[in-house]
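Colleague: Next comes input_17.txt, compact mmCIF, C-alpha atoms:
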```txt
# COMPACT_ATOMS: atom_id res chain seq x y z
CA MET A 1 -28.63 4.82 -28.25
CA MET A 2 -24.91 4.97 -27.44
CA PRO A 3 -22.69 5.67 -30.49
CA LYS A 4 -20.71 2.69 -31.72
CA PRO A 5 -17.02 2.88 -30.72
CA SER A 6 -14.69 3.77 -33.54
CA ILE A 7 -11.94 1.43 -34.65
CA PHE A 8 -9.44 3.62 -32.76
CA ASP A 9 -11.54 3.46 -29.56
CA ARG A 10 -11.82 -0.32 -29.83
CA GLU A 11 -8.07 -0.64 -30.31
CA ALA A 12 -7.40 1.57 -27.28
CA MET A 13 -9.83 -0.49 -25.20
CA ARG A 14 -8.18 -3.73 -26.30
CA GLU A 15 -4.70 -2.44 -25.43
CA ALA A 16 -5.92 -1.23 -22.01
CA ALA A 17 -7.46 -4.63 -21.26
CA GLU A 18 -4.23 -6.41 -22.27
CA ARG A 19 -2.16 -4.06 -20.11
CA ILE A 20 -4.34 -4.70 -17.05
CA GLU A 21 -4.20 -8.45 -17.65
CA ARG A 22 -0.39 -8.36 -17.79
CA ARG A 23 -0.31 -6.42 -14.55
CA ARG A 24 -2.50 -8.99 -12.80
CA ASN A 25 0.33 -11.49 -13.19
CA ARG A 26 2.75 -9.28 -11.26
CA PHE A 27 2.94 -8.05 -7.66
CA ARG A 28 2.47 -4.28 -7.82
CA ILE A 29 3.20 -1.92 -4.93
CA LEU A 30 1.91 1.67 -4.85
CA VAL A 31 4.01 3.84 -2.51
CA CYS A 32 2.39 7.18 -1.62
CA LEU A 33 4.96 9.94 -1.05
CA ASP A 34 4.34 13.31 0.55
CA GLY A 35 7.84 14.31 1.65
CA THR A 36 7.55 13.03 5.23
CA ASP A 37 10.03 10.63 6.83
CA GLU A 38 7.20 8.16 7.42
CA ALA A 39 6.46 8.06 3.70
CA TYR A 40 10.09 7.16 2.97
CA ASP A 41 9.88 4.50 5.69
CA GLY A 42 7.11 3.09 3.51
CA LEU A 43 9.46 3.09 0.53
CA ARG A 44 11.98 1.10 2.58
CA PHE A 45 9.27 -1.46 3.26
CA ALA A 46 8.60 -1.58 -0.47
CA THR A 47 12.25 -2.33 -1.23
CA ASP A 48 12.22 -5.16 1.34
CA ILE A 49 9.05 -6.62 -0.17
CA GLY A 50 9.61 -5.83 -3.82
CA HIS A 51 13.18 -6.76 -4.66
CA GLY A 52 12.03 -9.72 -6.78
CA ASP A 53 11.86 -9.53 -10.56
CA ASP A 54 8.11 -10.21 -10.50
CA CYS A 55 7.38 -7.07 -8.45
CA ASP A 56 6.83 -3.54 -9.79
CA ILE A 57 7.16 -0.44 -7.58
CA ILE A 58 5.19 2.71 -8.35
CA LEU A 59 6.00 5.94 -6.49
CA LEU A 60 3.09 8.39 -6.40
CA TYR A 61 2.81 12.04 -5.48
CA VAL A 62 -0.62 13.68 -5.74
CA ARG A 63 -0.65 17.43 -6.35
CA PRO A 64 -3.69 19.75 -6.21
CA ILE A 65 -5.30 20.89 -9.44
CA ASP A 66 -3.61 23.91 -11.07
CA GLN A 67 -1.17 24.60 -8.23
CA GLY A 68 -0.24 28.10 -9.37
CA LEU A 69 0.94 26.98 -12.79
CA ARG A 70 -1.17 29.42 -14.81
CA SER A 71 -0.60 32.43 -12.60
CA GLY A 72 3.09 31.66 -12.21
CA GLY A 73 3.67 31.75 -15.97
CA LEU A 74 5.38 28.35 -16.01
CA GLN A 75 6.04 26.95 -19.48
CA VAL A 76 4.14 23.69 -19.14
CA ARG A 77 5.55 22.16 -22.31
CA VAL A 78 9.07 22.74 -21.00
CA ALA A 79 8.04 21.26 -17.66
CA ARG A 80 6.89 18.06 -19.32
CA GLN A 81 10.05 17.81 -21.41
CA ASN A 82 12.20 18.16 -18.31
CA MET A 83 10.41 15.49 -16.28
CA LEU A 84 13.04 12.92 -17.27
CA GLU A 85 15.94 15.16 -16.23
CA TRP A 86 14.14 16.24 -13.04
CA GLY A 87 15.51 19.67 -13.74
CA LEU A 88 12.47 21.65 -12.57
CA GLU A 89 11.30 22.03 -9.00
CA LEU A 90 7.68 21.25 -9.77
CA PRO A 91 5.51 20.38 -6.74
CA GLY A 92 6.31 16.81 -5.76
CA ILE A 93 9.25 16.35 -8.13
CA ARG A 94 11.85 16.56 -5.39
CA TYR A 95 9.94 13.94 -3.34
CA LEU A 96 9.83 11.55 -6.27
CA LYS A 97 13.50 12.21 -7.10
CA LYS A 98 14.51 11.41 -3.52
CA GLY A 99 12.54 8.16 -3.77
CA LEU A 100 14.27 7.33 -7.04
CA ASP A 101 17.66 7.99 -5.45
CA MET A 102 16.77 5.64 -2.57
CA LEU A 103 15.84 2.87 -5.00
CA ARG A 104 19.05 3.44 -6.94
CA ALA A 105 21.07 3.19 -3.71
CA GLU A 106 19.40 -0.19 -3.07
CA GLY A 107 20.63 -1.38 -6.46
CA LEU A 108 17.15 -1.69 -7.95
CA LEU A 109 18.09 0.33 -11.06
CA ALA A 110 21.35 -1.48 -11.78
CA GLU A 111 19.92 -3.34 -14.81
CA LEU A 112 18.10 -0.34 -16.32
CA THR A 113 17.44 -0.81 -20.04
CA GLU A 114 15.17 2.13 -20.91
CA SER A 115 13.10 4.96 -19.52
CA THR A 116 10.09 6.67 -21.07
CA ALA A 117 7.99 9.68 -20.12
CA GLN A 118 4.22 9.85 -20.58
CA HIS A 119 1.66 12.63 -20.19
CA THR A 120 -2.14 12.48 -19.73
CA ASP A 121 -4.51 15.45 -19.55
CA ALA A 122 -6.37 15.64 -16.23
CA PHE A 123 -9.05 17.97 -14.83
CA GLY A 124 -8.18 20.70 -17.34
CA ASP A 125 -4.98 21.27 -15.38
CA PRO A 126 -2.12 22.79 -17.43
CA LEU A 127 0.36 20.16 -16.25
CA GLY A 128 -1.95 17.13 -15.97
CA ASP A 129 -0.64 13.68 -15.03
CA ASN A 130 2.97 12.80 -15.82
CA LYS A 131 5.03 9.70 -15.23
CA VAL A 132 8.43 8.25 -15.96
CA VAL A 133 8.67 4.48 -16.44
CA TYR A 134 12.01 2.73 -15.83
CA ARG A 135 12.23 -0.78 -17.29
CA LEU A 136 14.85 -3.26 -16.20
CA ALA A 137 16.33 -6.15 -18.12
CA SER A 138 14.65 -8.56 -15.68
CA GLY A 139 11.20 -7.29 -16.69
CA LYS A 140 10.78 -5.27 -13.51
CA SER A 141 9.34 -1.77 -13.76
CA ILE A 142 9.79 1.24 -11.50
CA VAL A 143 7.40 4.10 -12.12
CA LEU A 144 7.43 7.68 -10.82
CA LYS A 145 4.00 9.29 -11.09
CA LEU A 146 3.13 12.95 -10.59
CA LYS A 147 -0.66 12.90 -10.44
CA THR A 148 -3.18 15.74 -10.43
CA ALA A 149 -6.35 15.36 -8.35
CA PRO A 150 -8.75 17.40 -6.20
CA ASP A 151 -7.24 15.84 -3.04
CA PRO A 152 -4.69 13.14 -2.10
CA VAL A 153 -7.25 10.44 -1.28
CA SER A 154 -9.13 10.69 -4.57
CA GLY A 155 -5.80 10.75 -6.41
CA ILE A 156 -4.58 7.57 -4.67
CA LEU A 157 -7.85 5.71 -5.25
CA ASP A 158 -7.98 6.85 -8.87
CA GLN A 159 -4.43 5.56 -9.34
CA TYR A 160 -5.54 2.18 -7.95
CA GLU A 161 -8.20 2.00 -10.66
CA LEU A 162 -5.46 2.53 -13.26
CA GLY A 163 -3.50 -0.35 -11.69
CA PRO A 164 -4.55 -2.69 -10.31
CA TYR A 165 -2.26 -2.95 -7.26
CA ASN A 166 -1.68 -5.65 -4.66
CA LEU A 167 -0.51 -3.29 -1.92
CA ILE A 168 -0.78 0.42 -1.10
CA ILE A 169 1.81 1.84 1.31
CA ILE A 170 1.08 5.13 3.05
CA GLY A 171 2.90 7.03 5.80
CA ASN A 172 1.97 7.37 9.46
CA PRO A 173 -1.40 9.16 9.81
CA SER A 174 -1.37 12.51 11.61
CA THR A 175 -4.85 11.71 12.96
CA TRP A 176 -6.95 8.57 13.26
CA SER A 177 -10.51 9.18 14.43
CA GLY A 178 -12.84 6.89 16.34
CA GLU A 179 -15.83 5.16 14.78
CA MET A 180 -18.36 8.01 14.73
CA ARG A 181 -15.97 10.94 14.25
CA ALA A 182 -14.27 9.13 11.36
CA PHE A 183 -17.42 9.59 9.29
CA TRP A 184 -16.69 13.33 9.14
CA ARG A 185 -13.05 13.80 10.15
CA ALA A 186 -11.01 10.84 8.95
CA GLY A 187 -7.49 11.69 7.80
CA ASN A 188 -6.02 10.72 4.44
CA ALA A 189 -4.43 7.46 5.60
CA GLN A 190 -7.63 6.36 7.34
CA LYS A 191 -9.74 7.14 4.27
CA VAL A 192 -7.40 5.19 2.01
CA ALA A 193 -7.38 2.24 4.41
CA THR A 194 -11.19 2.34 4.49
CA LEU A 195 -11.84 2.67 0.77
CA ALA A 196 -8.97 0.87 -0.99
CA PRO A 197 -9.89 -2.53 -2.45
CA CYS A 198 -6.43 -4.00 -1.82
CA SER A 199 -4.18 -4.48 1.22
CA VAL A 200 -2.97 -1.26 2.88
CA LEU A 201 0.24 -0.82 4.90
CA VAL A 202 0.45 2.15 7.30
CA THR A 203 4.10 2.72 8.18
CA ARG A 204 5.55 4.11 11.40
CA PRO A 205 9.18 4.74 12.33
CA GLN A 206 9.32 2.23 15.19
CA ARG A 207 10.92 -1.02 13.98
CA GLY A 208 11.00 -3.78 16.60
CA GLU A 209 13.36 -6.74 16.41
CA LYS A 210 10.92 -9.66 16.57
CA GLY A 211 9.81 -9.66 12.94
CA HIS A 212 6.19 -9.94 11.81
CA LEU A 213 3.28 -10.47 14.19
CA ILE A 214 0.34 -12.07 12.35
CA THR A 215 -3.06 -12.07 14.05
CA VAL A 216 -5.67 -14.78 13.45
CA ASP A 217 -9.18 -15.32 14.79
CA GLY A 218 -10.11 -18.64 13.21
CA SER A 219 -12.44 -17.15 10.58
CA PRO A 220 -12.08 -18.28 6.95
CA ASN A 221 -10.96 -14.77 5.98
CA SER A 222 -8.18 -14.67 8.55
CA MET A 223 -6.89 -18.08 7.44
CA VAL A 224 -6.70 -16.97 3.81
CA GLU A 225 -4.98 -13.76 4.81
CA LEU A 226 -2.61 -15.64 7.14
CA ARG A 227 -1.29 -17.44 4.10
CA GLN A 228 -0.61 -14.16 2.27
CA ALA A 229 1.05 -12.59 5.32
CA ALA A 230 3.21 -15.66 6.01
CA VAL A 231 4.46 -15.77 2.41
CA LEU A 232 5.28 -12.05 2.66
CA ALA A 233 7.20 -12.48 5.94
CA HIS A 234 9.12 -15.44 4.54
CA HIS A 235 9.90 -13.48 1.36
CA CYS A 236 11.29 -10.62 3.49
CA GLY A 237 13.31 -13.01 5.68
CA GLU A 238 11.41 -11.96 8.81
CA PRO A 239 10.62 -14.31 11.71
CA ILE A 240 6.92 -15.03 12.23
CA THR A 241 4.81 -14.93 15.38
CA ILE A 242 1.15 -16.00 15.32
CA LEU A 243 -1.16 -14.24 17.78
CA THR A 244 -4.72 -15.17 18.65
CA VAL A 245 -6.80 -13.44 21.35
CA ALA A 246 -9.60 -14.90 23.46
CA PRO A 247 -11.93 -12.10 24.64
CA ASP A 248 -12.40 -14.02 27.92
CA ARG A 249 -11.51 -17.40 29.46
CA SER A 250 -14.71 -19.00 28.25
CA ARG A 251 -13.42 -18.64 24.66
CA MET A 252 -9.96 -20.07 25.22
CA GLU A 253 -10.88 -23.32 23.49
CA ALA A 254 -11.84 -21.43 20.33
CA ALA A 255 -8.56 -19.47 20.51
CA ARG A 256 -6.56 -22.70 20.82
CA ALA A 257 -8.44 -24.18 17.87
CA ALA A 258 -7.65 -21.09 15.77
CA MET A 259 -3.98 -21.35 16.73
CA SER A 260 -3.90 -25.05 15.83
CA GLN A 261 -5.49 -24.33 12.46
CA ALA A 262 -3.01 -21.51 11.78
CA SER A 263 -0.03 -23.68 12.78
CA SER A 264 -1.15 -26.46 10.46
CA MET A 265 -1.43 -24.02 7.56
CA LEU A 266 2.09 -22.69 8.10
CA ARG A 267 3.49 -26.22 8.20
CA ARG A 268 1.73 -27.02 4.94
CA LEU A 269 3.53 -24.01 3.49
CA GLY A 270 6.81 -25.54 4.59
CA LEU A 271 7.36 -23.14 7.51
CA ARG A 272 8.57 -24.83 10.67
CA LYS A 273 10.01 -22.03 12.78
CA PHE A 274 7.43 -19.65 14.22
CA ARG A 275 6.29 -18.51 17.64
CA LYS A 276 2.75 -18.90 19.01
CA VAL A 277 1.13 -16.46 21.43
CA ILE A 278 -2.37 -16.65 22.94
CA ARG A 279 -3.69 -13.72 24.97
CA ILE A 280 -6.89 -13.03 26.90
CA GLY A 281 -8.72 -9.69 26.87
CA ASP A 282 -9.99 -7.04 24.50
CA PRO A 283 -8.61 -8.04 21.05
CA ALA A 284 -7.49 -4.55 20.00
CA ASP A 285 -5.85 -3.85 23.38
CA GLN A 286 -3.99 -7.15 23.36
CA ILE A 287 -2.79 -6.85 19.77
CA VAL A 288 -1.52 -3.28 20.28
CA ASP A 289 0.31 -4.30 23.47
CA GLU A 290 1.93 -7.38 21.93
CA ALA A 291 2.88 -5.52 18.74
CA GLN A 292 5.28 -3.07 20.39
CA ASP A 293 8.37 -5.23 19.83
CA TYR A 294 7.66 -6.15 16.21
CA SER A 295 8.58 -4.46 12.95
CA LEU A 296 5.12 -5.16 11.52
CA VAL A 297 1.75 -6.33 12.79
CA VAL A 298 -0.63 -7.93 10.30
CA VAL A 299 -4.39 -7.71 10.87
CA SER A 300 -7.17 -9.33 8.88
CA ASP A 301 -9.78 -7.17 7.20
CA SER A 302 -13.29 -7.95 8.43
CA ARG A 303 -14.79 -7.52 4.94
CA GLN A 304 -17.24 -5.02 6.33
CA SER A 305 -18.72 -2.43 4.00
CA HIS A 306 -17.07 1.00 3.91
CA LEU A 307 -19.91 2.48 5.96
CA ARG A 308 -19.80 -0.23 8.62
CA ARG A 309 -16.03 0.22 8.97
CA LEU A 310 -16.65 3.85 9.88
CA LEU A 311 -19.72 3.42 12.08
CA PHE A 312 -18.99 0.22 14.02
CA LYS A 313 -16.05 -1.02 16.02
CA ASN A 314 -13.52 -2.74 13.81
CA VAL A 315 -10.54 -4.42 15.46
CA ALA A 316 -8.29 -4.13 12.41
CA PHE A 317 -8.94 -0.40 12.04
CA GLU A 318 -8.55 0.23 15.76
CA VAL A 319 -5.15 -1.47 15.68
CA MET A 320 -4.15 0.56 12.61
CA GLY A 321 -4.93 3.76 14.47
CA ARG A 322 -3.46 2.91 17.87
CA ALA A 323 -0.38 0.79 17.20
CA GLU A 324 3.07 2.36 17.51
CA THR A 325 4.51 0.05 14.88
CA SER A 326 3.62 -0.39 11.23
CA VAL A 327 0.34 -2.18 10.47
CA LEU A 328 -0.63 -4.17 7.38
CA ASN A 329 -4.35 -4.66 6.80
CA VAL A 330 -4.55 -7.67 4.50
CA ARG A 331 -7.36 -8.07 1.96
```
Any chance you could give the structure as structure tokens?

Modeller:
Amino acid sequence: MMPKPSIFDREAMREAAERIERRRNRFRILVCLDGTDEAYDGLRFATDIGHGDDCDIILLYVRPIDQGLRSGGLQVRVARQNMLEWGLELPGIRYLKKGLDMLRAEGLLAELTESTAQHTDAFGDPLGDNKVVYRLASGKSIVLKLKTAPDPVSGILDQYELGPYNLIIIGNPSTWSGEMRAFWRAGNAQKVATLAPCSVLVTRPQRGEKGHLITVDGSPNSMVELRQAAVLAHHCGEPITILTVAPDRSRMEAARAAMSQASSMLRRLGLRKFRKVIRIGDPADQIVDEAQDYSLVVVSDSRQSHLRRLLFKNVAFEVMGRAETSVLNVR
């Protein structure tokens, strides 16, 4: 028989449940930083998306367990105390500080009211997890999180569980494997895109001038996700293009029906100005080709299981791997 929770455990559980419920009423963006230019491109996307008062931005750096802290003789207590001043060159601190400076340059910290530092033990590591929370007068929060984990992917997914989050932004993948090879050799970005329960944005440096390209296929999932993507594009002030692809000429009627359905939905949302493009051919090939001139291409998740995403052809994941522009996989 499990022991009955103590009054302190019950209180902690109640507070955790209340905190998660409050977060569900906000749009929360998790930006994964690793020091690369592509990761900071992701932060720029976050500032475009998350400038509203109802959006919180969390910057995350995942460091390996016990990265030389014991052997190096670092005074961990001093390290934790100096997190707020960013006075120590701990692994990842300079990446988070650069991200903070970018947000400050965008004016997102102009109404700062308070900042607090928090520490949590993790994996028996001498430094553990540490974060600094900046709260603004508007209610907006900006969080810098230095997280300890066995590897970046497990750290990112564990952070999601502490969320929840509406969007994870991660930099351009160094590799993106095909269906079968991905089962053994998928890179960090591909693993996160496969396993994360929320929408994932993979950022690349190329920024076209035509705005957001939103793909639809007429399925109920793609129509729901079209609504989310259209609201996002409108919020960012980006022009919208709707793309549907007919695999061959015999399916043109279905493609036109999907386009008509998508157009009607946008009009119901009050959007009147948008372009419509219908192409014929392999869906992934056509989307990648059309996407070259856009700042962002939005693809709809197929709702396949994690295993099926790795083992079978998935248009959304193929576009994420092959496109030269940034790709948002909406869930």

Colleague: Which residue gives the smallest distance to Gly270 (chain A) among A:Ala246, A:Gly99, A:Thr113, A:Val231, with all atoms listed in the file counted?

Modeller: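 Among A:Ala246, A:Gly99, A:Thr113, A:Val231, it is A:Val231 that comes nearest to Gly270 (chain A).
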
Colleague: Neighbouring residues of region 125-131 of chain A were defined as those with any atom within 6 Å, considering all atoms listed in the file; residues of the same chain fewer than 5 positions away were excluded. Please report them as a list in words.

Modeller: Ile65, Asp66, Val76, Ala117, Gln118, His119, Thr120, Leu144, Lys145, Leu146, Lys147 and Thr148 of chain A

Colleague: Contacts of Asp37 (chain A) at 9 Å or less, counting all atoms listed in the file, minus same-chain residues fewer than 3 places along, as an NGL selection string?

Modeller: :A and (34 or 40-42 or 171 or 205)

Colleague: Just the number, please: distance in Å from CA of Arg275 (chain A) to CA of Cys236 (chain A), one decimal.

Modeller: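 Calculated distance between CA of Arg275 (chain A) and CA of Cys236 (chain A) is 17.0 Å.
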
Colleague: Which residue out of A:Leu33, A:Ala229, A:Val192, A:Ala323 has the minimum interatomic distance to Asp293 (chain A) when all atoms listed in the file are used?

Modeller: A:Ala323

Colleague: Report as a ChimeraX atom specification all protein, DNA and RNA residues lying within 10 Å of Asp289 (chain A), evaluated on all atoms listed in the file, omitting residues in the same chain fewer than 2 positions from it.

Modeller: /A:283-287,291-293,319,322-324

Colleague: So that I have them on file, write out the residues from the current selection with C-alpha atoms, as a short mmCIF file (atom, residue, chain, number, x, y, z; two decimals), keeping the file's coordinate frame.

Modeller:
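Saved result, out31.cif, follows:
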```
data_model
loop_
_atom_site.label_atom_id
_atom_site.label_comp_id
_atom_site.auth_asym_id
_atom_site.auth_seq_id
_atom_site.Cartn_x
_atom_site.Cartn_y
_atom_site.Cartn_z
CA PRO A 283 -8.61 -8.04 21.05
CA ALA A 284 -7.49 -4.55 20.00
CA ASP A 285 -5.85 -3.85 23.38
CA GLN A 286 -3.99 -7.15 23.36
CA ILE A 287 -2.79 -6.85 19.77
CA ALA A 291 2.88 -5.52 18.74
CA GLN A 292 5.28 -3.07 20.39
CA ASP A 293 8.37 -5.23 19.83
CA VAL A 319 -5.15 -1.47 15.68
CA ARG A 322 -3.46 2.91 17.87
CA ALA A 323 -0.38 0.79 17.20
CA GLU A 324 3.07 2.36 17.51
#
```

Colleague: Pick out the closest residue to Ser154 (chain A) from this set: A:Ala122, A:Val62, A:Ala137, A:Ala105. Count all atoms listed in the file.

Modeller: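 For Ser154 (chain A), the nearest of the given residues is A:Val62.
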